[in-house]
Amino acid sequence: MASLDEITGSVMKDSKICILIPTYNNGSTLKAVVNGCSKYTSSIIVVNDGSTDNTSELLNAFPNLIIHTQESNQGKGIAIKTGFRIALEHGYDYAITIDSDGQHLPEDIPIIVDFHRFNKDAIIIGSRNMEREGIPGKSSFGNKFSNFWFKFDTGVELPDTQSGYRLYPIRLIKDLKLITWKFEFEVEILVKAAWRNIEILPVPVRVYYPPSHIRVTHFRPFQDFTRISLLNTILFLQAFFWYIPLRWFRKILSVGFWKSFGKTLHDPKESVIRRSTSIAFGVFMGIFPVWGYQLIIGLTISHYLKLNKALFTLAAHISIPPMIPLILYFSYMIGGKIVSDPRKLNFSNFDYSINSLANNLEQYLVGAVILSIFAAVLAFYISFFIYKLFARTVPKLVS
């Protein structure tokens, strides 16, 4: 009877799966990683990303490896993209990426390969348990940060978007336009694959973090986190102005405009409290004095709080042009009750110019904050009452 290792190796050969190991100055752990992977396949590609330690000598001891050496260190993203190109040139359809620092256990390759058998066109991520004891705090925080922005950008929830232990269907992703070249590459490729409707599935794997005094990491907290944050900003803008509207538009086309709109207003699976809160928060952000940034800030917070973003957006449009004079006027009036030396206003001859705003900024800001809170509370109770009042009739209208 064939062993698990032999079955895994047979599936990898039949499915044209190779293993890709990007490495940079991990000579102390690289040999064990290569030996572990060799139990399952001889189809192993190693991209030596300009290592200055004994990596080259170690790799020379493995004559069956496909080795590509970069003259200088160019970054993990470049190394992986180079490995993808080499894999395609050698006729492979899939590549399992595994880090060379010993964090990922080659013994988990059968788990990933077995999951792949039933999900041929998916990117499979070896999902680590980042909450267990021994995980560095900065790694856990960075992962949560990345997971949050990934879900906002794509609508897909994943437990570990930073794991480099993955199986890629490289022929499906080879045309993705990828602009990054270091650690942030592994976030970018997931987001853009999701935008192409390539399924991304997690599978639990183990993780090993050596003690801090012997662990080798090339992640530079300030520089790399800054690049990841910049990438998240770019992807957020792309998602906000293109992917999210496109996703909503496709959803509307698939179910019909009025049915989709009715379900947005009254989704039986969503509590009345959440829907009313979404409307209230939209009204609050529509009036709150952060002109030009209401939707960007509000949608981010709505996503984090799991509010109904469509209801939020609808309610936030309380600040459309016909309403702006009223909002400004009542903000000034309310602010005049609080600040010293308030400006007396008359609605009929109220000056809405930029100079007027600048000369009475404190009065406006104070009043706008108070008005936004009051209007939000009022919107919550009104919408809550309407939802409760029509709870029995609305489902008939949208069914």
# chains A, B, ... in the order shown; residues from 1 in each chain; ligands from 1
>>> residues_around(residues="A:Leu30", least_positions_apart="5", cutoff="8 Å", atoms="only C-alpha atoms", output="short mmCIF file (atom, residue, chain, number, x, y, z; two decimals) with C-alpha atoms, in the first residue's frame")
data_model
loop_
_atom_site.label_atom_id
_atom_site.label_comp_id
_atom_site.auth_asym_id
_atom_site.auth_seq_id
_atom_site.Cartn_x
_atom_site.Cartn_y
_atom_site.Cartn_z
CA THR A 23 15.63 32.43 -0.19
CA THR A 55 23.51 29.60 0.47
CA SER A 100 13.25 29.07 3.68
CA ASP A 101 13.50 30.33 7.28
CA GLY A 102 12.03 27.14 8.77
#
>>> residues_around(residues="A:Phe384", least_positions_apart="3", cutoff="8 Å", atoms="only C-alpha atoms", output="list in words")
Val272, Ile273, Ser276, Phe380, Tyr381, Tyr387 and Lys388 of chain A
>>> write_last_selection(atoms="all heavy atoms", output="short mmCIF file (atom, residue, chain, number, x, y, z; two decimals), in the first residue's frame")
data_model
loop_
_atom_site.label_atom_id
_atom_site.label_comp_id
_atom_site.auth_asym_id
_atom_site.auth_seq_id
_atom_site.Cartn_x
_atom_site.Cartn_y
_atom_site.Cartn_z
N VAL A 272 -32.68 44.81 12.87
CA VAL A 272 -33.20 46.17 12.77
C VAL A 272 -32.22 47.15 13.41
O VAL A 272 -32.02 48.27 12.92
CB VAL A 272 -34.59 46.27 13.44
CG1 VAL A 272 -35.04 47.72 13.55
CG2 VAL A 272 -35.61 45.46 12.64
N ILE A 273 -31.59 46.73 14.49
CA ILE A 273 -30.60 47.59 15.17
C ILE A 273 -29.46 47.94 14.22
O ILE A 273 -29.05 49.10 14.12
CB ILE A 273 -30.04 46.89 16.43
CG1 ILE A 273 -31.13 46.76 17.51
CG2 ILE A 273 -28.84 47.64 16.97
CD1 ILE A 273 -31.49 48.06 18.18
N SER A 276 -30.69 50.28 11.36
CA SER A 276 -30.94 51.63 11.89
C SER A 276 -29.64 52.33 12.25
O SER A 276 -29.48 53.54 12.01
CB SER A 276 -31.86 51.55 13.12
OG SER A 276 -33.10 50.96 12.79
N PHE A 380 -31.72 57.39 13.86
CA PHE A 380 -31.77 56.03 14.39
C PHE A 380 -33.17 55.68 14.87
O PHE A 380 -33.73 54.64 14.50
CB PHE A 380 -30.77 55.87 15.53
CG PHE A 380 -30.86 54.53 16.21
CD1 PHE A 380 -30.20 53.43 15.69
CD2 PHE A 380 -31.64 54.36 17.36
CE1 PHE A 380 -30.29 52.18 16.31
CE2 PHE A 380 -31.74 53.12 17.98
CZ PHE A 380 -31.07 52.03 17.45
N TYR A 381 -33.76 56.55 15.67
CA TYR A 381 -35.07 56.24 16.24
C TYR A 381 -36.17 56.25 15.19
O TYR A 381 -37.10 55.43 15.23
CB TYR A 381 -35.40 57.21 17.39
CG TYR A 381 -34.68 56.86 18.66
CD1 TYR A 381 -33.63 57.63 19.13
CD2 TYR A 381 -35.03 55.72 19.39
CE1 TYR A 381 -32.95 57.30 20.30
CE2 TYR A 381 -34.36 55.38 20.56
CZ TYR A 381 -33.32 56.17 21.00
OH TYR A 381 -32.65 55.83 22.16
N TYR A 387 -38.91 50.58 10.61
CA TYR A 387 -38.63 49.16 10.38
C TYR A 387 -39.55 48.27 11.22
O TYR A 387 -40.06 47.25 10.76
CB TYR A 387 -37.17 48.84 10.71
CG TYR A 387 -36.22 49.09 9.56
CD1 TYR A 387 -35.11 49.91 9.72
CD2 TYR A 387 -36.43 48.47 8.32
CE1 TYR A 387 -34.23 50.12 8.66
CE2 TYR A 387 -35.55 48.68 7.27
CZ TYR A 387 -34.46 49.52 7.44
OH TYR A 387 -33.59 49.73 6.40
N LYS A 388 -39.75 48.65 12.46
CA LYS A 388 -40.62 47.87 13.34
C LYS A 388 -42.07 47.95 12.89
O LYS A 388 -42.81 46.95 12.91
CB LYS A 388 -40.49 48.37 14.79
CG LYS A 388 -39.20 47.97 15.49
CD LYS A 388 -39.14 46.48 15.72
CE LYS A 388 -37.95 46.08 16.57
NZ LYS A 388 -37.87 44.62 16.79
#
>>> select_by_dssp(residues="stretch 16-232 of chain A", states="helix (DSSP H, G or I)", output="VMD selection string")
chain A and resid 27 to 38 55 to 60 76 to 89 106 to 117 137 to 154 170 to 173 185 to 195 221 to 232
>>> write_last_selection(atoms="C-alpha atoms", output="PDB file, in the first residue's frame")
ATOM      1  CA  GLY A  27      21.720  29.212   5.182  1.00  0.00           C
ATOM      2  CA  SER A  28      21.079  27.894   8.683  1.00  0.00           C
ATOM      3  CA  THR A  29      17.608  26.556   7.789  1.00  0.00           C
ATOM      4  CA  LEU A  30      17.563  26.187   3.996  1.00  0.00           C
ATOM      5  CA  LYS A  31      19.034  22.675   3.905  1.00  0.00           C
ATOM      6  CA  ALA A  32      16.359  21.262   6.219  1.00  0.00           C
ATOM      7  CA  VAL A  33      13.600  22.910   4.159  1.00  0.00           C
ATOM      8  CA  VAL A  34      14.932  21.482   0.884  1.00  0.00           C
ATOM      9  CA  ASN A  35      15.357  18.020   2.429  1.00  0.00           C
ATOM     10  CA  GLY A  36      11.799  18.154   3.783  1.00  0.00           C
ATOM     11  CA  CYS A  37      10.345  19.133   0.408  1.00  0.00           C
ATOM     12  CA  SER A  38      12.397  16.441  -1.368  1.00  0.00           C
ATOM     13  CA  THR A  55      23.511  29.599   0.473  1.00  0.00           C
ATOM     14  CA  SER A  56      25.212  28.966  -2.882  1.00  0.00           C
ATOM     15  CA  GLU A  57      27.459  26.245  -1.410  1.00  0.00           C
ATOM     16  CA  LEU A  58      24.503  24.567   0.262  1.00  0.00           C
ATOM     17  CA  LEU A  59      22.488  24.498  -2.961  1.00  0.00           C
ATOM     18  CA  ASN A  60      25.366  22.963  -4.914  1.00  0.00           C
ATOM     19  CA  LYS A  76      10.781  38.465  -2.075  1.00  0.00           C
ATOM     20  CA  GLY A  77       8.168  39.569  -4.593  1.00  0.00           C
ATOM     21  CA  ILE A  78      10.683  39.664  -7.437  1.00  0.00           C
ATOM     22  CA  ALA A  79      12.015  36.260  -6.367  1.00  0.00           C
ATOM     23  CA  ILE A  80       8.530  34.719  -6.440  1.00  0.00           C
ATOM     24  CA  LYS A  81       7.659  36.270  -9.807  1.00  0.00           C
ATOM     25  CA  THR A  82      10.960  34.991 -11.193  1.00  0.00           C
ATOM     26  CA  GLY A  83      10.138  31.538  -9.821  1.00  0.00           C
ATOM     27  CA  PHE A  84       6.719  31.616 -11.476  1.00  0.00           C
ATOM     28  CA  ARG A  85       8.320  32.423 -14.828  1.00  0.00           C
ATOM     29  CA  ILE A  86      10.803  29.574 -14.475  1.00  0.00           C
ATOM     30  CA  ALA A  87       8.041  27.157 -13.429  1.00  0.00           C
ATOM     31  CA  LEU A  88       5.998  28.009 -16.521  1.00  0.00           C
ATOM     32  CA  GLU A  89       9.062  27.565 -18.739  1.00  0.00           C
ATOM     33  CA  PRO A 106       7.331  20.766   4.677  1.00  0.00           C
ATOM     34  CA  GLU A 107       5.430  17.964   6.434  1.00  0.00           C
ATOM     35  CA  ASP A 108       2.242  19.977   5.791  1.00  0.00           C
ATOM     36  CA  ILE A 109       2.628  19.797   1.993  1.00  0.00           C
ATOM     37  CA  PRO A 110       0.268  16.745   1.817  1.00  0.00           C
ATOM     38  CA  ILE A 111      -2.463  18.841   3.477  1.00  0.00           C
ATOM     39  CA  ILE A 112      -2.172  21.541   0.819  1.00  0.00           C
ATOM     40  CA  VAL A 113      -1.933  19.066  -2.061  1.00  0.00           C
ATOM     41  CA  ASP A 114      -4.939  17.067  -0.854  1.00  0.00           C
ATOM     42  CA  PHE A 115      -7.011  20.267  -0.571  1.00  0.00           C
ATOM     43  CA  HIS A 116      -5.896  21.232  -4.084  1.00  0.00           C
ATOM     44  CA  ARG A 117      -7.297  17.983  -5.544  1.00  0.00           C
ATOM     45  CA  GLY A 137       3.084  40.295  18.844  1.00  0.00           C
ATOM     46  CA  LYS A 138       4.097  42.399  15.851  1.00  0.00           C
ATOM     47  CA  SER A 139       3.414  39.444  13.522  1.00  0.00           C
ATOM     48  CA  SER A 140      -0.057  38.916  14.976  1.00  0.00           C
ATOM     49  CA  PHE A 141      -0.896  42.631  14.723  1.00  0.00           C
ATOM     50  CA  GLY A 142       0.434  42.909  11.177  1.00  0.00           C
ATOM     51  CA  ASN A 143      -1.645  39.930  10.118  1.00  0.00           C
ATOM     52  CA  LYS A 144      -4.861  41.357  11.584  1.00  0.00           C
ATOM     53  CA  PHE A 145      -4.125  44.689   9.903  1.00  0.00           C
ATOM     54  CA  SER A 146      -3.614  42.968   6.556  1.00  0.00           C
ATOM     55  CA  ASN A 147      -6.729  40.787   6.958  1.00  0.00           C
ATOM     56  CA  PHE A 148      -8.888  43.845   7.628  1.00  0.00           C
ATOM     57  CA  TRP A 149      -7.797  45.725   4.511  1.00  0.00           C
ATOM     58  CA  PHE A 150      -7.980  42.603   2.363  1.00  0.00           C
ATOM     59  CA  LYS A 151     -11.616  42.069   3.318  1.00  0.00           C
ATOM     60  CA  PHE A 152     -12.444  45.719   2.667  1.00  0.00           C
ATOM     61  CA  ASP A 153     -10.778  45.641  -0.757  1.00  0.00           C
ATOM     62  CA  THR A 154     -12.276  42.330  -1.903  1.00  0.00           C
ATOM     63  CA  ILE A 170       0.308  29.994 -11.967  1.00  0.00           C
ATOM     64  CA  ARG A 171      -1.311  29.854 -15.404  1.00  0.00           C
ATOM     65  CA  LEU A 172      -4.391  31.645 -14.028  1.00  0.00           C
ATOM     66  CA  ILE A 173      -2.412  34.423 -12.361  1.00  0.00           C
ATOM     67  CA  PHE A 185       3.761  41.437  -3.039  1.00  0.00           C
ATOM     68  CA  GLU A 186       1.981  38.622  -1.178  1.00  0.00           C
ATOM     69  CA  VAL A 187      -0.885  40.960  -0.262  1.00  0.00           C
ATOM     70  CA  GLU A 188      -1.129  42.536  -3.710  1.00  0.00           C
ATOM     71  CA  ILE A 189      -1.344  39.232  -5.557  1.00  0.00           C
ATOM     72  CA  LEU A 190      -4.209  38.033  -3.327  1.00  0.00           C
ATOM     73  CA  VAL A 191      -6.220  41.230  -3.798  1.00  0.00           C
ATOM     74  CA  LYS A 192      -5.794  41.300  -7.566  1.00  0.00           C
ATOM     75  CA  ALA A 193      -6.519  37.577  -7.860  1.00  0.00           C
ATOM     76  CA  ALA A 194      -9.748  38.093  -5.906  1.00  0.00           C
ATOM     77  CA  TRP A 195     -10.666  40.927  -8.262  1.00  0.00           C
ATOM     78  CA  PRO A 221       9.302  46.919  10.598  1.00  0.00           C
ATOM     79  CA  PHE A 222       9.415  50.599   9.618  1.00  0.00           C
ATOM     80  CA  GLN A 223      10.347  50.369   5.933  1.00  0.00           C
ATOM     81  CA  ASP A 224       8.263  47.295   5.109  1.00  0.00           C
ATOM     82  CA  PHE A 225       5.210  48.378   7.112  1.00  0.00           C
ATOM     83  CA  THR A 226       5.377  51.762   5.352  1.00  0.00           C
ATOM     84  CA  ARG A 227       5.381  50.051   1.941  1.00  0.00           C
ATOM     85  CA  ILE A 228       2.517  47.765   2.963  1.00  0.00           C
ATOM     86  CA  SER A 229       0.533  50.782   4.181  1.00  0.00           C
ATOM     87  CA  LEU A 230       1.189  52.609   0.898  1.00  0.00           C
ATOM     88  CA  LEU A 231       0.052  49.546  -1.053  1.00  0.00           C
ATOM     89  CA  ASN A 232      -3.102  49.299   1.071  1.00  0.00           C
TER      90      ASN A 232
END
>>> residues_around(residues="stretch 318-333 of chain A", least_positions_apart="5", cutoff="7 Å", atoms="only C-alpha atoms", output="PyMOL selection string")
chain A and resi 283+286-287+347+363-364+367-368+371
>>> write_last_selection(atoms="N, CA, C and O atoms", output="CSV table (one decimal), in the first residue's frame")
chain,number,residue,atom,x,y,z
A,283,VAL,N,-26.0,59.5,8.4
A,283,VAL,CA,-26.5,60.8,8.6
A,283,VAL,C,-25.4,61.6,9.4
A,283,VAL,O,-25.1,62.7,9.1
A,286,GLY,N,-22.5,62.4,7.1
A,286,GLY,CA,-22.9,63.3,6.1
A,286,GLY,C,-22.9,64.8,6.6
A,286,GLY,O,-22.7,65.7,5.8
A,287,ILE,N,-23.1,65.0,7.9
A,287,ILE,CA,-23.1,66.3,8.5
A,287,ILE,C,-21.8,66.6,9.2
A,287,ILE,O,-21.4,67.8,9.2
A,347,PHE,N,-31.3,83.8,8.0
A,347,PHE,CA,-31.3,82.8,6.9
A,347,PHE,C,-31.5,83.4,5.5
A,347,PHE,O,-30.9,83.0,4.6
A,363,GLN,N,-17.4,78.6,15.3
A,363,GLN,CA,-18.9,78.5,15.5
A,363,GLN,C,-19.5,77.4,14.6
A,363,GLN,O,-20.3,76.6,15.1
A,364,TYR,N,-19.0,77.3,13.4
A,364,TYR,CA,-19.5,76.3,12.5
A,364,TYR,C,-19.1,74.9,13.0
A,364,TYR,O,-20.0,74.0,13.0
A,367,GLY,N,-21.0,73.7,16.1
A,367,GLY,CA,-22.4,73.5,15.8
A,367,GLY,C,-22.6,72.3,14.9
A,367,GLY,O,-23.5,71.5,15.1
A,368,ALA,N,-21.7,72.0,13.9
A,368,ALA,CA,-21.8,70.9,13.0
A,368,ALA,C,-21.6,69.6,13.8
A,368,ALA,O,-22.3,68.6,13.5
A,371,LEU,N,-24.8,69.1,15.7
A,371,LEU,CA,-25.9,68.8,14.8
A,371,LEU,C,-25.8,67.4,14.3
A,371,LEU,O,-26.8,66.7,14.2
>>> closest_residue(among="A:Leu105, A:Ala376, A:Leu65, A:Val369", to="A:Ile279", atoms="only C-alpha atoms")
A:Ala376
>>> atom_distance(atom1="atom CA of A:Ile17", atom2="atom CA of A:Ile96")
7.2 Å
>>> atom_distance(atom1="atom CA of A:Gln238", atom2="atom CA of A:Asp99")
29.7 Å
>>> atom_distance(atom1="atom CA of A:Asn73", atom2="atom CA of A:Asn25")
9.8 Å
>>> select_by_dssp(residues="stretch 60-234 of chain A", states="strand (DSSP E)", output="VMD selection string")
chain A and resid 66 to 70 94 to 97 123 to 127 166 to 169 200 to 204
>>> closest_residue(among="A:Ile200, A:Ile370, A:Ile66, A:Ile296", to="A:Ala122", atoms="only C-alpha atoms")
A:Ile200
>>> residues_around(residues="A:Ala315", least_positions_apart="5", cutoff="9 Å", atoms="only C-alpha atoms", output="PyMOL selection string")
chain A and resi 278-286+310
>>> write_last_selection(atoms="C-alpha atoms", output="compact mmCIF listing (two decimals), in the first residue's frame")
# COMPACT_ATOMS: atom_id res chain seq x y z
CA SER A 278 -26.14 52.14 9.52
CA ILE A 279 -28.60 54.88 8.60
CA ALA A 280 -27.79 56.88 11.73
CA PHE A 281 -24.07 56.64 11.10
CA GLY A 282 -24.59 57.74 7.48
CA VAL A 283 -26.48 60.84 8.64
CA PHE A 284 -23.77 61.52 11.23
CA MET A 285 -20.95 61.36 8.66
CA GLY A 286 -22.95 63.35 6.11
CA ALA A 310 -25.31 50.60 1.13
>>> closest_residue(among="A:His104, A:His317, A:Lys13, A:Lys177", to="A:Gln294", atoms="only C-alpha atoms")
A:His317
